[in-house]
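Text of the file input05.csv, holding CSV, C-alpha atoms and all ligand atoms:
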```csv
chain,number,residue,atom,x,y,z
A,1,MET,CA,0.0,0.0,0.0
A,2,LYS,CA,1.3,3.5,-0.9
A,3,LEU,CA,2.4,5.5,2.1
A,4,ARG,CA,0.0,8.4,2.7
A,5,HIS,CA,0.2,11.3,5.2
A,6,TYR,CA,-2.5,13.6,6.4
A,7,LEU,CA,-0.6,17.0,6.8
A,8,GLN,CA,-3.3,19.4,5.6
A,9,PHE,CA,-6.8,19.4,4.4
A,10,SER,CA,-5.9,19.4,0.6
A,11,GLU,CA,-4.3,15.9,1.1
A,12,PHE,CA,-7.5,14.1,0.2
A,13,SER,CA,-9.9,14.4,-2.7
A,14,ARG,CA,-13.7,15.1,-2.3
A,15,ALA,CA,-14.3,11.4,-3.1
A,16,GLU,CA,-11.9,10.3,-0.4
A,17,TYR,CA,-13.7,12.6,2.1
A,18,GLU,CA,-17.0,11.1,1.1
A,19,TYR,CA,-15.6,7.7,1.7
A,20,LEU,CA,-14.2,8.8,5.1
A,21,PHE,CA,-17.6,10.2,6.1
A,22,GLU,CA,-19.3,6.9,5.1
A,23,ARG,CA,-16.8,5.0,7.3
A,24,THR,CA,-17.2,7.5,10.1
A,25,ARG,CA,-21.0,7.0,10.1
A,26,TRP,CA,-20.5,3.2,10.3
A,27,ILE,CA,-17.7,3.4,12.9
A,28,LYS,CA,-19.8,5.8,15.0
A,29,ALA,CA,-22.8,3.5,14.9
A,30,GLN,CA,-20.7,0.5,16.1
A,31,PHE,CA,-19.5,2.6,19.0
A,32,LYS,CA,-23.0,3.8,19.9
A,33,GLN,CA,-24.2,0.2,20.0
A,34,TYR,CA,-21.2,-1.0,22.1
A,35,LYS,CA,-20.2,-3.3,19.2
A,36,ARG,CA,-16.5,-4.3,19.1
A,37,TYR,CA,-14.6,-3.3,16.0
A,38,HIS,CA,-10.9,-4.1,16.2
A,39,PRO,CA,-9.3,-3.7,12.7
A,40,LEU,CA,-6.1,-2.3,14.2
A,41,VAL,CA,-5.0,-5.0,16.6
A,42,ASP,CA,-1.3,-5.0,17.2
A,43,ARG,CA,-1.0,-1.5,15.6
A,44,THR,CA,0.6,1.3,17.6
A,45,LEU,CA,0.0,5.1,17.4
A,46,ALA,CA,2.6,7.5,18.7
A,47,MET,CA,1.2,10.9,19.6
A,48,ILE,CA,3.8,13.7,19.8
A,49,PHE,CA,2.7,16.8,21.5
A,50,GLU,CA,4.7,20.1,21.5
A,51,LYS,CA,1.6,22.0,22.7
A,52,GLN,CA,-1.2,21.3,25.1
A,53,SER,CA,-4.4,19.4,24.2
A,54,THR,CA,-7.6,17.9,25.6
A,55,ARG,CA,-9.7,16.8,22.7
A,56,THR,CA,-7.0,15.8,20.2
A,57,ARG,CA,-5.1,13.7,22.7
A,58,LEU,CA,-8.3,12.1,24.0
A,59,SER,CA,-9.9,11.4,20.7
A,60,PHE,CA,-6.7,9.9,19.1
A,61,GLU,CA,-5.8,7.8,22.2
A,62,ALA,CA,-9.3,6.6,22.9
A,63,GLY,CA,-9.9,6.1,19.2
A,64,MET,CA,-6.9,3.9,18.7
A,65,GLN,CA,-7.8,1.8,21.7
A,66,GLN,CA,-11.4,1.4,20.5
A,67,LEU,CA,-10.0,0.1,17.1
A,68,GLY,CA,-8.0,-2.5,19.0
A,69,GLY,CA,-4.6,-0.8,18.9
A,70,ALA,CA,-2.4,1.0,21.4
A,71,ALA,CA,-1.5,4.7,21.7
A,72,ILE,CA,1.7,6.2,23.2
A,73,PHE,CA,1.7,9.8,24.4
A,74,LEU,CA,5.0,11.7,24.0
A,75,SER,CA,5.6,15.3,24.8
A,76,THR,CA,8.4,17.7,24.2
A,77,ARG,CA,9.0,17.9,27.9
A,78,ASP,CA,9.6,14.2,28.3
A,79,THR,CA,11.5,13.3,25.1
A,80,GLN,CA,14.9,14.3,23.6
A,81,LEU,CA,13.0,16.6,21.2
A,82,GLY,CA,12.9,19.0,24.1
A,83,ARG,CA,16.7,18.8,24.4
A,84,GLY,CA,17.2,19.6,20.7
A,85,GLU,CA,17.3,16.1,19.1
A,86,PRO,CA,16.7,16.8,15.3
A,87,VAL,CA,13.2,16.2,14.2
A,88,GLU,CA,14.5,14.0,11.3
A,89,ASP,CA,16.3,11.7,13.8
A,90,MET,CA,13.2,11.5,15.9
A,91,ALA,CA,11.2,10.5,12.8
A,92,GLN,CA,13.7,7.8,11.9
A,93,VAL,CA,13.4,6.2,15.4
A,94,VAL,CA,9.7,6.7,16.0
A,95,SER,CA,8.6,5.4,12.6
A,96,ARG,CA,10.7,2.2,13.1
A,97,MET,CA,8.8,1.4,16.3
A,98,VAL,CA,5.2,2.3,15.6
A,99,ASP,CA,2.7,2.1,12.8
A,100,ILE,CA,1.3,5.6,12.6
A,101,VAL,CA,2.2,9.0,14.1
A,102,MET,CA,0.2,12.1,15.1
A,103,ILE,CA,2.0,15.3,15.8
A,104,ARG,CA,0.9,18.6,17.3
A,105,THR,CA,3.7,21.2,16.9
A,106,PHE,CA,4.6,24.7,16.0
A,107,GLU,CA,5.6,25.4,12.3
A,108,GLN,CA,4.1,23.2,9.6
A,109,ASP,CA,7.7,22.8,8.4
A,110,ILE,CA,8.5,20.7,11.5
A,111,LEU,CA,5.7,18.3,10.6
A,112,GLU,CA,6.8,18.1,7.0
A,113,ARG,CA,10.4,17.4,7.9
A,114,PHE,CA,9.2,14.6,10.1
A,115,ALA,CA,6.9,13.2,7.4
A,116,ASN,CA,9.6,13.4,4.8
A,117,VAL,CA,11.7,10.9,6.8
A,118,SER,CA,8.9,8.8,8.3
A,119,ARG,CA,8.3,5.2,7.2
A,120,VAL,CA,4.7,5.3,8.5
A,121,PRO,CA,1.7,7.7,8.0
A,122,VAL,CA,1.9,11.0,9.8
A,123,ILE,CA,-1.2,13.0,10.8
A,124,ASN,CA,-1.3,16.7,11.6
A,125,GLY,CA,-2.8,17.1,15.1
A,126,LEU,CA,-2.5,21.0,14.7
A,127,THR,CA,0.4,23.3,13.6
A,128,ASN,CA,0.6,27.1,13.7
A,129,GLU,CA,-0.7,27.0,10.1
A,130,TYR,CA,-3.3,24.2,9.9
A,131,HIS,CA,-5.7,22.0,11.9
A,132,PRO,CA,-7.2,19.7,9.3
A,133,CYS,CA,-8.5,17.1,11.7
A,134,GLN,CA,-10.7,19.7,13.3
A,135,VAL,CA,-12.3,20.7,10.0
A,136,ILE,CA,-13.0,17.0,9.1
A,137,GLY,CA,-14.9,16.7,12.3
A,138,ASP,CA,-16.7,20.1,11.7
A,139,ILE,CA,-17.8,19.3,8.2
A,140,PHE,CA,-19.0,15.8,9.3
A,141,THR,CA,-21.0,17.5,12.2
A,142,PHE,CA,-22.5,20.0,9.8
A,143,THR,CA,-23.6,17.2,7.5
A,144,GLU,CA,-25.2,15.2,10.3
A,145,HIS,CA,-27.3,18.2,11.3
A,146,ARG,CA,-28.0,19.9,7.9
A,147,GLY,CA,-27.0,17.5,5.1
A,148,PRO,CA,-24.3,18.2,2.5
A,149,ILE,CA,-22.2,21.4,3.0
A,150,THR,CA,-21.8,21.9,-0.8
A,151,GLY,CA,-23.4,25.2,-1.9
A,152,LYS,CA,-23.7,26.5,1.7
A,153,THR,CA,-22.2,29.6,3.3
A,154,VAL,CA,-19.9,29.3,6.3
A,155,ALA,CA,-18.9,32.5,8.2
A,156,TRP,CA,-15.5,32.5,9.9
A,157,ILE,CA,-15.3,35.4,12.5
A,158,GLY,CA,-12.1,36.4,14.1
A,159,ASP,CA,-8.5,35.3,13.8
A,160,SER,CA,-7.2,33.9,10.4
A,161,ASN,CA,-5.5,31.1,12.3
A,162,ASN,CA,-4.8,27.4,11.7
A,163,VAL,CA,-8.5,26.3,11.8
A,164,CYS,CA,-9.4,29.2,9.5
A,165,ASN,CA,-6.7,28.1,7.0
A,166,SER,CA,-8.1,24.6,7.0
A,167,TRP,CA,-11.6,25.9,6.4
A,168,MET,CA,-10.2,27.8,3.4
A,169,LYS,CA,-8.8,24.6,1.9
A,170,ALA,CA,-12.0,22.8,2.6
A,171,ALA,CA,-14.1,25.4,0.7
A,172,ALA,CA,-12.7,24.5,-2.7
A,173,ILE,CA,-12.8,20.7,-2.1
A,174,PHE,CA,-16.4,20.7,-0.8
A,175,ASP,CA,-17.5,23.6,-3.0
A,176,PHE,CA,-19.0,25.9,-0.4
A,177,THR,CA,-18.5,29.6,0.2
A,178,LEU,CA,-16.4,30.8,3.2
A,179,HIS,CA,-17.0,34.3,4.4
A,180,VAL,CA,-14.1,35.5,6.5
A,181,SER,CA,-14.0,38.6,8.7
A,182,THR,CA,-10.8,39.5,10.6
A,183,PRO,CA,-9.7,42.7,12.2
A,184,PRO,CA,-7.3,44.8,10.1
A,185,GLY,CA,-3.8,43.4,10.3
A,186,TYR,CA,-5.0,39.8,10.9
A,187,GLU,CA,-6.2,39.0,7.3
A,188,VAL,CA,-5.8,35.6,5.7
A,189,GLU,CA,-2.3,35.1,4.4
A,190,ALA,CA,-2.7,34.3,0.7
A,191,GLU,CA,0.3,31.9,0.5
A,192,ARG,CA,-1.0,29.8,3.3
A,193,ALA,CA,-4.6,29.7,2.1
A,194,GLY,CA,-3.8,29.5,-1.6
A,195,ALA,CA,-5.7,31.4,-4.3
A,196,TYR,CA,-9.4,31.1,-4.2
A,197,ASP,CA,-12.1,32.4,-6.4
A,198,ALA,CA,-15.1,34.4,-5.2
A,199,ARG,CA,-17.3,31.3,-5.2
A,200,HIS,CA,-15.3,29.8,-2.4
A,201,TYR,CA,-13.8,32.7,-0.4
A,202,ARG,CA,-14.9,36.3,0.4
A,203,HIS,CA,-13.4,38.7,2.9
A,204,PHE,CA,-15.6,41.2,4.9
A,205,ALA,CA,-14.4,44.1,6.9
A,206,ASP,CA,-17.5,44.0,9.0
A,207,PRO,CA,-18.2,40.7,10.8
A,208,MET,CA,-22.0,41.3,10.7
A,209,ASP,CA,-21.8,41.3,6.9
A,210,ALA,CA,-19.8,38.1,6.9
A,211,ALA,CA,-22.4,36.4,9.1
A,212,HIS,CA,-25.3,37.7,6.9
A,213,GLY,CA,-27.3,34.7,5.6
A,214,ALA,CA,-24.7,32.1,6.7
A,215,ASP,CA,-25.7,28.5,7.3
A,216,LEU,CA,-22.9,28.1,9.8
A,217,VAL,CA,-21.1,30.7,12.0
A,218,THR,CA,-17.8,29.6,13.4
A,219,THR,CA,-15.0,31.2,15.4
A,220,ASP,CA,-12.0,30.3,17.6
A,221,VAL,CA,-9.9,31.9,20.3
A,222,TRP,CA,-8.4,35.3,19.6
A,223,THR,CA,-5.0,34.1,20.8
A,224,SER,CA,-3.8,30.7,19.6
A,225,MET,CA,-1.2,28.6,21.3
A,226,GLY,CA,2.3,29.9,20.6
A,227,PHE,CA,1.0,33.6,20.3
A,228,GLU,CA,0.5,34.3,24.0
A,229,ALA,CA,2.9,37.2,24.0
A,230,GLU,CA,0.3,39.1,21.8
A,231,ASP,CA,-2.6,38.4,24.1
A,232,ALA,CA,-3.2,41.9,25.4
A,233,GLU,CA,-2.9,43.5,22.0
A,234,ARG,CA,-5.2,40.9,20.5
A,235,LYS,CA,-7.9,41.4,23.2
A,236,ARG,CA,-8.0,45.1,22.1
A,237,ASP,CA,-7.9,44.4,18.3
A,238,PHE,CA,-10.6,41.6,18.3
A,239,SER,CA,-13.1,43.2,20.7
A,240,ASP,CA,-15.7,43.8,17.9
A,241,TRP,CA,-15.3,40.3,16.5
A,242,GLN,CA,-17.4,38.5,19.1
A,243,VAL,CA,-20.1,36.1,17.9
A,244,ASP,CA,-23.1,37.1,19.9
A,245,ALA,CA,-26.9,36.8,19.7
A,246,ASP,CA,-27.2,39.8,17.3
A,247,MET,CA,-24.6,38.3,15.0
A,248,MET,CA,-26.4,34.9,15.0
A,249,LYS,CA,-29.7,36.8,14.1
A,250,ARG,CA,-27.9,38.1,11.0
A,251,ALA,CA,-27.1,34.5,9.9
A,252,GLY,CA,-29.7,32.2,8.3
A,253,PRO,CA,-32.7,31.2,10.5
A,254,ASP,CA,-31.3,27.6,10.7
A,255,ALA,CA,-27.7,28.6,11.2
A,256,LEU,CA,-25.5,26.5,13.4
A,257,PHE,CA,-22.7,27.7,15.7
A,258,MET,CA,-19.4,25.9,16.0
A,259,HIS,CA,-16.2,26.4,17.9
A,260,CYS,CA,-13.3,24.0,17.9
A,261,LEU,CA,-12.8,24.6,21.7
A,262,PRO,CA,-11.4,25.5,24.1
A,263,ALA,CA,-13.6,28.6,24.2
A,264,HIS,CA,-13.4,31.9,26.1
A,265,ARG,CA,-17.0,33.0,26.9
A,266,GLY,CA,-17.2,36.8,26.8
A,267,GLU,CA,-14.4,37.1,24.3
A,268,GLU,CA,-14.7,35.4,20.8
A,269,VAL,CA,-18.2,34.1,21.7
A,270,SER,CA,-21.0,35.1,24.1
A,271,ALA,CA,-22.2,32.5,26.6
A,272,ASP,CA,-25.7,32.7,25.3
A,273,VAL,CA,-24.5,31.6,21.8
A,274,ILE,CA,-22.1,28.8,22.7
A,275,ASP,CA,-24.5,27.5,25.3
A,276,GLY,CA,-27.6,28.2,23.2
A,277,PRO,CA,-29.8,26.1,20.9
A,278,GLN,CA,-27.9,26.8,17.7
A,279,SER,CA,-24.6,25.6,19.1
A,280,VAL,CA,-23.4,22.1,18.2
A,281,VAL,CA,-20.0,22.4,19.9
A,282,TRP,CA,-20.3,19.1,21.9
A,283,ASP,CA,-21.3,17.1,18.8
A,284,GLU,CA,-18.4,18.8,17.1
A,285,ALA,CA,-16.0,17.7,19.8
A,286,GLU,CA,-17.4,14.1,19.9
A,287,ASN,CA,-17.1,13.8,16.2
A,288,ARG,CA,-13.3,14.3,16.4
A,289,LEU,CA,-13.3,10.7,17.8
A,290,HIS,CA,-15.3,9.1,15.1
A,291,THR,CA,-13.8,10.9,12.1
A,292,GLN,CA,-10.2,10.3,13.3
A,293,LYS,CA,-10.9,6.6,13.8
A,294,ALA,CA,-12.0,6.5,10.1
A,295,LEU,CA,-8.9,8.5,9.2
A,296,MET,CA,-6.5,6.1,11.0
A,297,GLU,CA,-8.3,3.1,9.5
A,298,PHE,CA,-8.0,4.6,6.0
A,299,LEU,CA,-4.3,5.5,6.4
A,300,LEU,CA,-3.4,2.1,7.7
A,301,LEU,CA,-5.7,-0.2,5.8
A,302,GLY,CA,-6.8,1.7,2.8
A,303,LYS,CA,-10.4,1.3,1.6
A,304,VAL,CA,-12.1,-1.5,3.5
A,305,ALA,CA,-15.6,-1.1,2.2
B,401,LIG,N1,-10.0,21.5,19.3
B,401,LIG,C1,-8.9,21.0,19.7
B,401,LIG,O1,-8.0,20.6,18.9
B,401,LIG,O2,-8.8,20.9,21.1
B,401,LIG,P1,-7.5,20.5,21.9
B,401,LIG,O3,-6.6,21.6,21.8
B,401,LIG,O4,-8.1,20.3,23.3
B,401,LIG,O5,-6.9,19.2,21.4
B,402,LIG,N1,-6.4,28.0,17.1
B,402,LIG,C1,-6.3,27.3,18.3
B,402,LIG,C2,-6.9,26.0,18.2
B,402,LIG,C3,-6.8,25.1,19.4
B,402,LIG,C4,-7.5,23.8,19.2
B,402,LIG,C5,-4.8,27.2,18.7
B,402,LIG,O1,-4.0,26.9,17.8
B,402,LIG,O2,-4.5,27.4,19.9
```
So, in terms of structure tokens, how does the structure I just supplied come out?
Ligand code: CP
Ligand code: NVA
Amino acid sequence: MKLRHYLQFSEFSRAEYEYLFERTRWIKAQFKQYKRYHPLVDRTLAMIFEKQSTRTRLSFEAGMQQLGGAAIFLSTRDTQLGRGEPVEDMAQVVSRMVDIVMIRTFEQDILERFANVSRVPVINGLTNEYHPCQVIGDIFTFTEHRGPITGKTVAWIGDSNNVCNSWMKAAAIFDFTLHVSTPPGYEVEAERAGAYDARHYRHFADPMDAAHGADLVTTDVWTSMGFEAEDAERKRDFSDWQVDADMMKRAGPDALFMHCLPAHRGEEVSADVIDGPQSVVWDEAENRLHTQKALMEFLLLGKVA
């Protein structure tokens, strides 16, 4: 089987995502019915974390165990990576001992250097630039609630960060329109996002205009991991980019609200929105488990159905 990595959203075709979602639905149904499904017996996942995590660690670790395999947690603090061992040397060693690797790190370049040397599939568990596993879970969640996302409008309000960049890549693949509104100085970086036509991407100076008529409104923290030094400045710059009840009223009548979590109520989202009836954030978090199980199955076994 050809070695495949999952380093960013554009790694897979639309047809491959459709397959992944079909597998996700089936794998989720087994889980809900307490049915054992162990296709990955004797397979080991190494999870390398250079940043903190709740959902990503839990969903990959629990997911691998539920598929019959084992997962090992490694952090910068406890490995020689933290003492300057080259990432290529780490990749040589890790990929001779396990079957699949998930990495959460800083620059995308670190992940790519690891993958270039790795003998086994490597998954992006978040970098400064991208968080593709999040957006697989998000689009699967949208589909569960509202059907296909093709032709819909998604509004991204706030920072043009790793999650936003992955939504940008998803828009062309799933053929939906992404409205992005960021404060001045925080616009989407063209080289990260790639070139997009007006059908898939539009920028709005006013977040209310971005939300207008949207089928999904989504946001994320104003300060991502690794950017903590800018926190005070960002709090000032982003103060008008909060998703609140007025903004949700500007969206479509059936609009959903998503947030990858962790969230800061009173900053990027008001409590009444994230805890309100349009919010699907808990389904979104849960679906990280089911979609990533399908992803690991696909990368290790290829198409099984
Ligand atoms: N959404 C997400 O990736 O959460 P964690 O940082 O908790 O993994
Ligand atoms: N943009 C956030 C996502 C956390 C899951 C960060 O990078 O910190």
Practice item. All residues within 8 Å of ligand LIG 402 (chain B) are required, counting only C-alpha atoms and all ligand atoms; please report them as an MDAnalysis selection string. Key: chainID A and resid 53 126:128 131 134 161:163 220:226 260:262
Check your understanding: Residues at most 12 Å from ligand LIG 401 (chain B), using all atoms listed in the file? Could they come as a PyMOL selection string?
Key -> chain A and resi 47+49-61+102-105+124-128+130-138+162-163+219-221+224-225+258-263+281-282+284-289+292
Point to revise | Option closest in space to Pro121 in chain A, from A:Phe106, A:Trp241, A:Trp156, A:Tyr6 [counting only C-alpha atoms] | key: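 Result for the nearest residue to Pro121 in chain A: A:Tyr6.
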Exercise for review: Please provide the set of residues having any atom within 7 Å of range 84-89 of chain A, restricted to all atoms listed in the file, with same-chain residues fewer than 6 positions apart removed, written as a ChimeraX atom specification.
Suggested key: /A:113-114,117
Review point. What separation in Å, quoted to one decimal, exists between CA of Pro184 in chain A and CA of Phe9 in chain A?
Key: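 Computing the Euclidean distance for CA of Pro184 in chain A and CA of Phe9 in chain A yields 26.0 Å.
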Exercise for review: Check the smallest atom-to-atom distance from each of A:Ala229, A:Val188, A:Ala155, A:Ala62 to Pro207 in chain A using all atoms listed in the file, then report the winner.
Suggested key: A:Ala155
Practice item. Would you list the contacts of His38 in chain A as a list in words, taking every protein, DNA or RNA residue within 12 Å and counting all atoms listed in the file, but skipping same-chain residues closer than 5 positions in sequence? Key: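 Close residues of His38 in chain A: Ile27, Gln30, Phe31, Arg43, Gly63, Met64, Gln65, Gln66, Leu67, Gly68, Gly69, Ala70, Lys293 and Glu297 of chain A.
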